[in-house]
Amino acid sequence: MTFDRSIKIAPSILSADFANFGAECRAIEDQGCDWVHVDVMDGHFVPNITFGPQTCAALRPHIKTVMDVHLMISPTDQYLEAFANAGADIMTVHVEAGPHLDRSLQLIRSLGKKAGVALNPSTPEATIAYVLDRIDLVCVMTVNPGFGGQSFIKSQVEKVRRLRQMIGARPIHIEIDGGVTPETAPLVAAAGADVLVAGSAVFKGGSVSNPAAYGQNISAIRAAASVAATKC
Ligand code: DX5
Ligand code: ZN
């Protein structure tokens with residue numbers, strides 16, 4: 001993976017057909033997405049359960065781009081090796097998931113993976129001030145994690161702006177997760193975000209037998225964000 005700040009669209013397969021993950025991953029990649037975002041939920045850290053490392057391993061052969069694994073689980077450390085072996089390219093843990101964020105991030109890198117850290121909407125950006133040199137990505141949650149289809153929380157735009165300043169010239173992606181649409185994408189792109197996760201806004205109106213809708217949805221988000229990004 002080479003680093004750049006161009007806009008990247010990462011569909012969340014939380015909004016895909018769960019009985020057809022392989023075909024869904026191939027469809028969104030054929031339709032031009034940049035990364036595939038995989039939401040792992042444990043029914044403890046968040047009030048929903050999705051899937052674990054075995055599903056990630058089964059998905060891996062169907063993903064040619066980047067497998068971006070968002071771990072909404074607590075504790076995290078004891079599962080990191082399994083997700084690494086499942087083929088994750090990026091593993092993102094939550095600041096709120098445990099007391100030893102620095103240790104978790106070191107562990108991810110020691111497994112040869114890119115390390116990401118996610119912040120819930122109520123978590124201030126200062127919580128990652130001392131781990132900036134251990135991360136490749138910061139994920140700003142623009143909804144409370146647990147479910148797709150929620151509304152974008154606008155207060156997070158200012159957090160993105162502040163994180164962009166904190167990051168400076170470091171090669172760290174700013175990812176936005178939750179409620180991203182062609183209407184909200186420009187707000188975060190203008191504030192400095194480069195990776196946009198979108199579940200409902202990518203999968204709406206499409207299916208593996210009508211993948212063109214995915215392509216139109218991806219293009220609409222990318223176009224809206226790219227115009228705003230050039231202005232920041
Ligand atoms: C929320 C997940 C998101 C979510 C995004 O806990 O981390 O990735 O699926 O879904 P939308 O785009 O529908 O808000
Ligand atoms: Zn996510």
# chains A, B, ... in the order shown; residues from 1 in each chain; ligands from 1
$ residues_near_ligand --ligand "ligand 2" --cutoff "12 Å" --atoms "only C-alpha atoms and all ligand atoms" --output "PyMOL selection string"
chain A and resi 10-15+36-41+46+50+67-73+91-94+116-120+138-149+175-180+195-200
$ write_last_selection --atoms "N, CA and C atoms" --output "short mmCIF file (atom, residue, chain, number, x, y, z; two decimals), in the first residue's frame"
data_model
loop_
_atom_site.label_atom_id
_atom_site.label_comp_id
_atom_site.auth_asym_id
_atom_site.auth_seq_id
_atom_site.Cartn_x
_atom_site.Cartn_y
_atom_site.Cartn_z
N ALA A 10 -14.50 3.55 0.64
CA ALA A 10 -14.42 2.23 1.27
C ALA A 10 -15.82 1.77 1.66
N PRO A 11 -16.50 1.04 0.78
CA PRO A 11 -17.84 0.56 1.13
C PRO A 11 -17.79 -0.39 2.33
N SER A 12 -18.75 -0.22 3.24
CA SER A 12 -18.86 -1.12 4.39
C SER A 12 -19.78 -2.26 4.03
N ILE A 13 -19.25 -3.49 4.12
CA ILE A 13 -20.06 -4.65 3.74
C ILE A 13 -21.15 -4.97 4.77
N LEU A 14 -21.23 -4.14 5.82
CA LEU A 14 -22.34 -4.26 6.76
C LEU A 14 -23.68 -4.06 6.04
N SER A 15 -23.64 -3.32 4.92
CA SER A 15 -24.87 -3.08 4.16
C SER A 15 -25.02 -4.03 2.97
N VAL A 36 -12.12 -2.12 0.86
CA VAL A 36 -13.33 -2.77 1.37
C VAL A 36 -13.28 -2.71 2.89
N HIS A 37 -14.32 -2.13 3.49
CA HIS A 37 -14.37 -1.90 4.94
C HIS A 37 -15.19 -3.02 5.60
N VAL A 38 -14.57 -3.68 6.58
CA VAL A 38 -15.16 -4.86 7.19
C VAL A 38 -15.42 -4.56 8.67
N ASP A 39 -16.69 -4.51 9.05
CA ASP A 39 -17.09 -4.10 10.40
C ASP A 39 -17.27 -5.32 11.30
N VAL A 40 -16.35 -5.47 12.25
CA VAL A 40 -16.39 -6.58 13.19
C VAL A 40 -17.00 -6.10 14.51
N MET A 41 -18.10 -6.69 14.92
CA MET A 41 -18.81 -6.26 16.14
C MET A 41 -19.03 -7.45 17.06
N VAL A 46 -20.03 -2.95 21.28
CA VAL A 46 -21.16 -2.32 20.57
C VAL A 46 -22.37 -3.25 20.66
N THR A 50 -21.58 -9.10 14.43
CA THR A 50 -21.50 -9.35 12.98
C THR A 50 -20.74 -10.65 12.72
N MET A 67 -8.13 -4.70 2.42
CA MET A 67 -9.10 -5.18 3.41
C MET A 67 -8.90 -4.37 4.70
N ASP A 68 -9.87 -3.51 4.95
CA ASP A 68 -9.79 -2.53 6.03
C ASP A 68 -10.71 -3.03 7.16
N VAL A 69 -10.10 -3.59 8.21
CA VAL A 69 -10.88 -4.26 9.25
C VAL A 69 -11.06 -3.34 10.46
N HIS A 70 -12.30 -3.01 10.72
CA HIS A 70 -12.69 -2.11 11.82
C HIS A 70 -13.16 -2.97 12.98
N LEU A 71 -12.34 -3.01 14.02
CA LEU A 71 -12.62 -3.90 15.16
C LEU A 71 -13.40 -3.16 16.24
N MET A 72 -14.69 -3.42 16.30
CA MET A 72 -15.53 -2.86 17.37
C MET A 72 -15.71 -3.95 18.40
N ILE A 73 -14.57 -4.30 19.03
CA ILE A 73 -14.55 -5.40 20.00
C ILE A 73 -13.73 -4.98 21.21
N MET A 91 -5.76 -2.87 10.44
CA MET A 91 -6.60 -3.26 11.58
C MET A 91 -6.76 -2.02 12.45
N THR A 92 -8.02 -1.65 12.68
CA THR A 92 -8.32 -0.45 13.46
C THR A 92 -8.98 -0.84 14.77
N VAL A 93 -8.38 -0.36 15.86
CA VAL A 93 -8.94 -0.61 17.19
C VAL A 93 -9.50 0.71 17.74
N HIS A 94 -10.41 0.60 18.68
CA HIS A 94 -11.00 1.81 19.27
C HIS A 94 -10.21 2.29 20.47
N GLY A 116 -4.61 1.21 12.73
CA GLY A 116 -5.57 2.31 12.77
C GLY A 116 -6.15 2.45 14.16
N VAL A 117 -6.59 3.67 14.46
CA VAL A 117 -7.27 3.90 15.74
C VAL A 117 -8.57 4.67 15.45
N ALA A 118 -9.66 4.22 16.09
CA ALA A 118 -10.97 4.86 15.87
C ALA A 118 -11.40 5.60 17.13
N LEU A 119 -12.07 6.73 16.91
CA LEU A 119 -12.57 7.56 18.01
C LEU A 119 -14.09 7.64 17.92
N ASN A 120 -14.76 7.26 19.00
CA ASN A 120 -16.21 7.46 19.07
C ASN A 120 -16.53 8.96 19.04
N VAL A 138 -6.38 7.22 11.25
CA VAL A 138 -7.30 7.54 12.35
C VAL A 138 -8.71 7.56 11.76
N CYS A 139 -9.61 6.85 12.43
CA CYS A 139 -10.99 6.74 11.96
C CYS A 139 -11.88 7.60 12.87
N VAL A 140 -12.49 8.60 12.29
CA VAL A 140 -13.40 9.45 13.04
C VAL A 140 -14.82 8.90 12.86
N MET A 141 -15.39 8.42 13.96
CA MET A 141 -16.76 7.89 13.89
C MET A 141 -17.73 9.07 13.84
N THR A 142 -18.50 9.12 12.76
CA THR A 142 -19.48 10.19 12.62
C THR A 142 -20.90 9.68 12.91
N VAL A 143 -20.94 8.47 13.52
CA VAL A 143 -22.15 7.94 14.17
C VAL A 143 -21.65 7.17 15.39
N ASN A 144 -22.54 6.83 16.29
CA ASN A 144 -22.16 5.93 17.37
C ASN A 144 -22.10 4.52 16.79
N PRO A 145 -20.96 3.82 16.97
CA PRO A 145 -20.78 2.56 16.26
C PRO A 145 -21.78 1.49 16.69
N GLY A 146 -22.10 0.60 15.75
CA GLY A 146 -23.00 -0.51 16.05
C GLY A 146 -23.94 -0.84 14.90
N PHE A 147 -24.33 0.17 14.15
CA PHE A 147 -25.33 -0.06 13.12
C PHE A 147 -25.06 0.81 11.90
N GLY A 148 -25.46 0.30 10.73
CA GLY A 148 -25.45 1.11 9.52
C GLY A 148 -26.70 1.98 9.48
N GLY A 149 -26.72 2.92 8.55
CA GLY A 149 -27.92 3.69 8.28
C GLY A 149 -28.26 4.78 9.29
N GLU A 175 -9.90 8.72 8.16
CA GLU A 175 -11.04 7.97 7.64
C GLU A 175 -12.31 8.43 8.37
N ILE A 176 -13.39 8.51 7.62
CA ILE A 176 -14.69 8.90 8.20
C ILE A 176 -15.62 7.71 8.11
N ASP A 177 -16.30 7.42 9.22
CA ASP A 177 -17.15 6.24 9.24
C ASP A 177 -18.51 6.57 9.85
N GLY A 178 -19.54 6.53 9.01
CA GLY A 178 -20.92 6.69 9.49
C GLY A 178 -21.64 7.85 8.85
N GLY A 179 -22.75 7.51 8.20
CA GLY A 179 -23.61 8.57 7.63
C GLY A 179 -22.99 9.33 6.48
N VAL A 180 -22.01 8.72 5.79
CA VAL A 180 -21.39 9.40 4.65
C VAL A 180 -22.31 9.29 3.43
N VAL A 195 -10.29 9.08 3.46
CA VAL A 195 -10.94 7.78 3.27
C VAL A 195 -12.38 7.90 3.76
N LEU A 196 -13.31 7.60 2.88
CA LEU A 196 -14.73 7.72 3.23
C LEU A 196 -15.37 6.33 3.22
N VAL A 197 -15.77 5.88 4.41
CA VAL A 197 -16.49 4.62 4.53
C VAL A 197 -17.97 4.93 4.26
N ALA A 198 -18.62 4.10 3.49
CA ALA A 198 -20.06 4.30 3.29
C ALA A 198 -20.72 2.95 3.10
N GLY A 199 -21.74 2.69 3.90
CA GLY A 199 -22.48 1.45 3.80
C GLY A 199 -23.75 1.66 3.00
N SER A 200 -24.75 2.24 3.66
CA SER A 200 -26.05 2.41 2.98
C SER A 200 -25.95 3.22 1.70
#
$ residues_around --residues "Val208 of chain A" --least-positions-apart "3" --cutoff "12 Å" --atoms "only C-alpha atoms" --output "list in words"
Ala16, Asp17, Phe18, Ala19, Asn20, Phe21, Gly22, Ala23, Glu24, Cys25, Arg26, Ala27, Ile28, Glu29, Asp30, Gln31, Phe203, Lys204, Gly205, Pro211, Ala212, Ala213, Tyr214 and Gly215 of chain A
$ select_by_dssp --residues "segment 16-54 of chain A" --states "helix (DSSP H, G or I)" --output "list in words"
Phe18, Ala19, Asn20, Phe21, Gly22, Ala23, Glu24, Cys25, Arg26, Ala27, Ile28, Glu29, Asp30, Pro53 and Gln54 of chain A
$ write_last_selection --atoms "N, CA and C atoms" --output "PDB file, in the first residue's frame"
ATOM      1  N   PHE A  18     -25.538 -10.499   3.327  1.00  0.00           N
ATOM      2  CA  PHE A  18     -24.689 -11.363   4.153  1.00  0.00           C
ATOM      3  C   PHE A  18     -24.603 -12.789   3.607  1.00  0.00           C
ATOM      4  N   ALA A  19     -25.544 -13.186   2.767  1.00  0.00           N
ATOM      5  CA  ALA A  19     -25.512 -14.540   2.207  1.00  0.00           C
ATOM      6  C   ALA A  19     -24.656 -14.589   0.944  1.00  0.00           C
ATOM      7  N   ASN A  20     -24.073 -13.439   0.586  1.00  0.00           N
ATOM      8  CA  ASN A  20     -23.412 -13.353  -0.720  1.00  0.00           C
ATOM      9  C   ASN A  20     -22.167 -12.472  -0.670  1.00  0.00           C
ATOM     10  N   PHE A  21     -21.420 -12.561   0.426  1.00  0.00           N
ATOM     11  CA  PHE A  21     -20.306 -11.628   0.632  1.00  0.00           C
ATOM     12  C   PHE A  21     -19.262 -11.635  -0.490  1.00  0.00           C
ATOM     13  N   GLY A  22     -18.905 -12.835  -0.958  1.00  0.00           N
ATOM     14  CA  GLY A  22     -17.853 -12.906  -1.973  1.00  0.00           C
ATOM     15  C   GLY A  22     -18.248 -12.126  -3.220  1.00  0.00           C
ATOM     16  N   ALA A  23     -19.443 -12.389  -3.704  1.00  0.00           N
ATOM     17  CA  ALA A  23     -19.919 -11.712  -4.915  1.00  0.00           C
ATOM     18  C   ALA A  23     -20.086 -10.215  -4.664  1.00  0.00           C
ATOM     19  N   GLU A  24     -20.508  -9.848  -3.476  1.00  0.00           N
ATOM     20  CA  GLU A  24     -20.670  -8.415  -3.156  1.00  0.00           C
ATOM     21  C   GLU A  24     -19.316  -7.697  -3.184  1.00  0.00           C
ATOM     22  N   CYS A  25     -18.283  -8.325  -2.621  1.00  0.00           N
ATOM     23  CA  CYS A  25     -16.940  -7.709  -2.632  1.00  0.00           C
ATOM     24  C   CYS A  25     -16.456  -7.546  -4.070  1.00  0.00           C
ATOM     25  N   ARG A  26     -16.653  -8.568  -4.877  1.00  0.00           N
ATOM     26  CA  ARG A  26     -16.214  -8.462  -6.276  1.00  0.00           C
ATOM     27  C   ARG A  26     -16.989  -7.366  -6.997  1.00  0.00           C
ATOM     28  N   ALA A  27     -18.282  -7.263  -6.699  1.00  0.00           N
ATOM     29  CA  ALA A  27     -19.118  -6.263  -7.379  1.00  0.00           C
ATOM     30  C   ALA A  27     -18.676  -4.840  -7.032  1.00  0.00           C
ATOM     31  N   ILE A  28     -18.441  -4.550  -5.765  1.00  0.00           N
ATOM     32  CA  ILE A  28     -18.059  -3.163  -5.415  1.00  0.00           C
ATOM     33  C   ILE A  28     -16.672  -2.825  -5.958  1.00  0.00           C
ATOM     34  N   GLU A  29     -15.792  -3.819  -5.995  1.00  0.00           N
ATOM     35  CA  GLU A  29     -14.462  -3.541  -6.577  1.00  0.00           C
ATOM     36  C   GLU A  29     -14.572  -3.326  -8.090  1.00  0.00           C
ATOM     37  N   ASP A  30     -15.366  -4.146  -8.766  1.00  0.00           N
ATOM     38  CA  ASP A  30     -15.561  -3.942 -10.210  1.00  0.00           C
ATOM     39  C   ASP A  30     -16.159  -2.575 -10.483  1.00  0.00           C
ATOM     40  N   PRO A  53     -12.921 -13.540  12.689  1.00  0.00           N
ATOM     41  CA  PRO A  53     -11.787 -13.782  11.790  1.00  0.00           C
ATOM     42  C   PRO A  53     -12.048 -14.838  10.714  1.00  0.00           C
ATOM     43  N   GLN A  54     -12.891 -15.832  11.011  1.00  0.00           N
ATOM     44  CA  GLN A  54     -13.121 -16.866   9.982  1.00  0.00           C
ATOM     45  C   GLN A  54     -13.832 -16.289   8.765  1.00  0.00           C
TER      46      GLN A  54
END
$ atom_distance --atom1 "atom CA of Asp42 of chain A" --atom2 "atom CA of Arg103 of chain A"
20.7 Å
$ closest_residue --among "A:Pro75, A:Gly112, A:Pro171, A:Pro47" --to "ligand 1" --atoms "only C-alpha atoms and all ligand atoms"
A:Pro47
$ closest_residue --among "A:Ser122, A:Asn210, A:Ser226, A:Gln150" --to "ligand 1" --atoms "only C-alpha atoms and all ligand atoms"
A:Gln150
$ closest_residue --among "A:Leu132, A:Thr123, A:Thr181, A:Phe51" --to "ligand 1" --atoms "only C-alpha atoms and all ligand atoms"
A:Thr181
$ closest_residue --among "A:Val227, A:Ile63, A:Leu137, A:Ile9" --to "ligand 1" --atoms "only C-alpha atoms and all ligand atoms"
A:Ile9
$ residues_around --residues "Ala129 of chain A" --least-positions-apart "6" --cutoff "10 Å" --atoms "only C-alpha atoms" --output "NGL selection string"
:A and (163 or 166-167)
$ write_last_selection --atoms "N, CA and C atoms" --output "tab-separated table (two decimals), in the first residue's frame"
chain	number	residue	atom	x	y	z
A	163	LEU	N	-7.67	17.14	13.85
A	163	LEU	CA	-6.78	15.99	13.62
A	163	LEU	C	-5.86	16.25	12.44
A	166	MET	N	-3.07	18.23	13.77
A	166	MET	CA	-2.20	17.43	14.63
A	166	MET	C	-1.28	16.52	13.82
A	167	ILE	N	-1.83	15.97	12.75
A	167	ILE	CA	-1.10	14.98	11.93
A	167	ILE	C	0.05	15.63	11.16
